[in-house]
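Working notes, beginning with the structure itself.
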Amino acid sequence: MATLLRKVWESVSARSSSTSHSPLQLTSSSATSSDSSLGPCFDSIPLDILLQILRLVGPKDAIKLGCVSRVWRSLVSDNRLWIYFLQYYQGHDDPWDSVFFAELNLRSGYPLQTFPSRTGELSFMRIYGQRAQVSGSVIIDGGSGYCKFGWSKYACPSGRSATFLEFGNIESPMYARLRHFFGTIYSRMQVKPSTQPIVLSIPICHYDDTDSAKASRRQLKDAIHTVLFDMNVPAVCAVNQATLALFAARRTSGIVVNIGFQVTSVVPILNGKVMRKVGVEVIGLGALKLTGYLKELMQQNNINFESLYTVRTLKENLCYVAADYKTELSKDTRASMEVPAMGWFTLSKERFQTGEILFQPRIGGVRAMGLHQAVALCMDHCHAAELTCDDTWFKTIVLSGGTACLPGLAERLEKELHETLSPSLANGLRVIPPPHGPDTAWFGAKFISNLSTFPGTWCIRKKQFRRKSRANIMW
């Protein structure tokens with residue numbers, strides 16, 4: 001390989017030398033010959049072998065080889081080569097399928113404009129160079145219970161804390177609470193707000209399509225932007241949590257079931273936009289209710305504990321969702337674990353009874369629809385709305401939130417939906433567990449912040465905000 005590459009550079013040197021000695025004697029025929037040949041040592045080598053050699057050379061030297069001639073430039077710019085480089089040189093933290101999805105669907109900003117499976121329209125050589133120049137950004141996933149934060153170039157969030165609704169006095173003005181929240185995050189990350197853009201996930205709230213709900217969403221959005229720009233953040237990208245979870249699942253359309261801290265929301269999204277006119281279904285139970293119900297079950301069975309931390313730890317590590325609740329009642333489901341500094345605990349039927357209230361809320365004292373009923377209702381609304389000619393966009397259901405990580409939940413929901421829906425609506429239905437566990441929305445934000453075109457149209461800057469321009473901000 002080294003010999004072959006040496007010969008390439010010798011041909012470059014010889015060509016440069018001959019050109020410099022007699023620049024006016026270069027005929028058109030010699031130029032054509034020069035630009036249509038890789039050189040006598042390389043013309044006979046099959047294309048696949050040459051691409052294998054370029055893979056071993058690496059992206060920096062491959063770019064240098066592209067300076068030899070038009071033929072070498074054409075060879076070096078082969079998309080297959082740069083897809084390989086994206087996988088093995090930039091893809092350690094971002095898998096290739098995630099990079100491909102993001103560059104194909106999200107690079108143009110919002111509203112989304114997909115390059116429909118014509119990868120030839122994209123230059124992955126250019127994309128590689130652009131992604132290498134993206135400096136990164138701060139990502140804050142402001143979940144309804146806990147917030148995850150970190151750099152976009154990191155493999156995962158670097159820290160977690162209580163979300164902004166739990167910071168400061170609840171009676172304090174929104175501006176003061178948000179300022180305290182963001183200031184705390186930047187302090188923990190040990191970074192100045194003015195150095196990098198921020199990608200922020202916002203919990204789904206004010207669900208309706210009414211004027212009052214729109215005004216409330218706008219008020220919260222304006223408060224967030226005001227605080228961040230007052231802290232001299234250069235650019236802000238604010239996207240709702242459900243949309244980011246959908247992106248993390250490498251989808252732009254579907255239904256996101258977000259099990260939050262206090263409520264569960266069922267959110268229809270078409271081409272990255274929340275379809276509020278179709279309707280966002282809300283169930284009045286979330287992670288807090290499941291933890292509380294497990295606490296009640298443990299008290300009924302004389303299982304002693306000292307704090308809700310113990311109960312939550314047991315829920316996250318021992319609980320699951322039964323495929324068939326009645327059948328599970330007859331099984332021996334005992335399991336034990338040690339909670340640090342609290343000792344050993346053994347649970348039995350409590351393990352699956354806790355998650356069952358998602359499908360049978362009444363056993364937990366909650367008067368609400370079951371999760372499968374809310375999703376089925378949302379799908380019925382999507383079908384009746386006839387928003388597109390493609391009637392399958394809402395048949396992909398993505399779960400998000402920490403509680404959505406309960407083992408067996410995706411399988412049980414899919415089973416219940418097949419039993420609830422008509423055969424035509426249930427055909428092609430798929431329920432996807434949280435692709436990145438409780439950090440799913442954070443990873444959706446990471447897809448955006450590592451785009452070759454970021455910040456582009458995804459972000460709003462201080463001048464735009466001050467002028468009250470109608471920038472394309474996803475909400």
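Ligands are numbered from 1 in the order shown, chains are lettered A, B, ... in the order of the structure tokens, and residues start at 1 in each chain.
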
Item to complete: Would you mind writing down, as a ChimeraX atom specification, each residue of range 172-420 of chain A that DSSP on the backbone assigns to strand (DSSP E or B)?
Response: /A:198-202,235-240,254-259,264-270,273-274,281-283,335-339,343-347,396-400

Worksheet item: Mind checking DSSP for range 74-305 of chain A and telling me the helix (DSSP H, G or I) residues as a PyMOL selection string?
Response: chain A and resi 74-76+79-88+96-105+119-121+124-133+164-166+174-189+193-195+211-230+241-248+287-300

Discussion item. Just checking: using only C-alpha atoms, which residue out of A:Asn301, A:Thr291, A:Thr392, A:Thr440 ends up closest to Ser424 in chain A?
Written reply: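 Result for the nearest residue to Ser424 in chain A: A:Thr392.
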
Range 335-345 of chain A environment, 10 Å, only C-alpha atoms, sequence neighbours closer than 3 positions dropped, as a PDB file with C-alpha atoms, in the first residue's frame:
```
ATOM      1  CA  ILE A 303     -42.386  -4.381  53.598  1.00  0.00           C
ATOM      2  CA  ASN A 304     -40.593  -1.692  55.594  1.00  0.00           C
ATOM      3  CA  PHE A 305     -38.677   1.135  53.945  1.00  0.00           C
ATOM      4  CA  GLU A 306     -37.422   4.543  54.990  1.00  0.00           C
ATOM      5  CA  SER A 307     -37.829   6.756  51.929  1.00  0.00           C
ATOM      6  CA  TYR A 309     -35.919   6.782  47.082  1.00  0.00           C
ATOM      7  CA  THR A 310     -35.992   3.120  48.084  1.00  0.00           C
ATOM      8  CA  VAL A 311     -39.397   2.622  46.469  1.00  0.00           C
ATOM      9  CA  THR A 313     -35.122   2.300  43.092  1.00  0.00           C
ATOM     10  CA  LEU A 314     -37.099  -0.924  43.464  1.00  0.00           C
ATOM     11  CA  ASN A 317     -34.927  -2.295  38.925  1.00  0.00           C
ATOM     12  CA  LEU A 318     -37.491  -4.981  39.790  1.00  0.00           C
ATOM     13  CA  CYS A 319     -40.832  -3.961  38.295  1.00  0.00           C
ATOM     14  CA  ASP A 332     -43.989 -17.174  41.501  1.00  0.00           C
ATOM     15  CA  SER A 348     -43.344 -10.608  44.467  1.00  0.00           C
ATOM     16  CA  LYS A 349     -46.641  -9.667  42.802  1.00  0.00           C
ATOM     17  CA  ARG A 351     -43.389  -6.243  40.619  1.00  0.00           C
TER      18      ARG A 351
END
```

Practice prompt. Would you list the contacts of range 431-439 of chain A as a PyMOL selection string, taking every protein, DNA or RNA residue within 7 Å and counting only C-alpha atoms, but skipping same-chain residues closer than 3 positions in sequence?
Written response: chain A and resi 248-249+396-402+404-405+410+414+442-443

How about saving the chosen residues, C-alpha atoms kept, as a short mmCIF file (atom, residue, chain, number, x, y, z; two decimals), in the first residue's frame?
```cif
data_model
loop_
_atom_site.label_atom_id
_atom_site.label_comp_id
_atom_site.auth_asym_id
_atom_site.auth_seq_id
_atom_site.Cartn_x
_atom_site.Cartn_y
_atom_site.Cartn_z
CA ALA A 248 -34.23 9.54 18.52
CA ALA A 249 -36.24 6.61 17.16
CA THR A 396 -45.49 3.79 14.68
CA ILE A 397 -45.76 4.38 18.43
CA VAL A 398 -42.61 5.49 20.26
CA LEU A 399 -42.39 5.27 24.04
CA SER A 400 -40.42 7.85 26.02
CA GLY A 401 -39.76 8.67 29.65
CA GLY A 402 -38.06 6.72 32.43
CA ALA A 404 -41.63 3.75 29.72
CA CYS A 405 -38.46 1.67 30.14
CA ALA A 410 -43.96 -2.08 24.59
CA GLU A 414 -48.87 -3.60 21.14
CA TRP A 442 -31.55 14.08 24.95
CA PHE A 443 -30.30 11.90 22.10
#
```

Fill in: Separation of CA of Arg362 in chain A from CA of Lys277 in chain A in Å
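Distance between the two atoms: 29.1 Å.
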
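Note that CA of Ala242 in chain A and CA of Glu386 in chain A are 21.7 Å apart.
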
Worksheet entry | Thr453 in chain A surroundings by only C-alpha atoms, 12 Å radius, close-in-sequence under 5 positions cut, as JSON, numbers by chain | {"A": [102, 103, 104, 105, 106, 107, 108, 109, 126, 127, 128, 129, 130, 131, 132, 133, 134, 135, 136, 447, 448, 458, 459]}

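Here CA of Thr346 in chain A is placed at a distance of 21.2 Å from CA of Leu288 in chain A.
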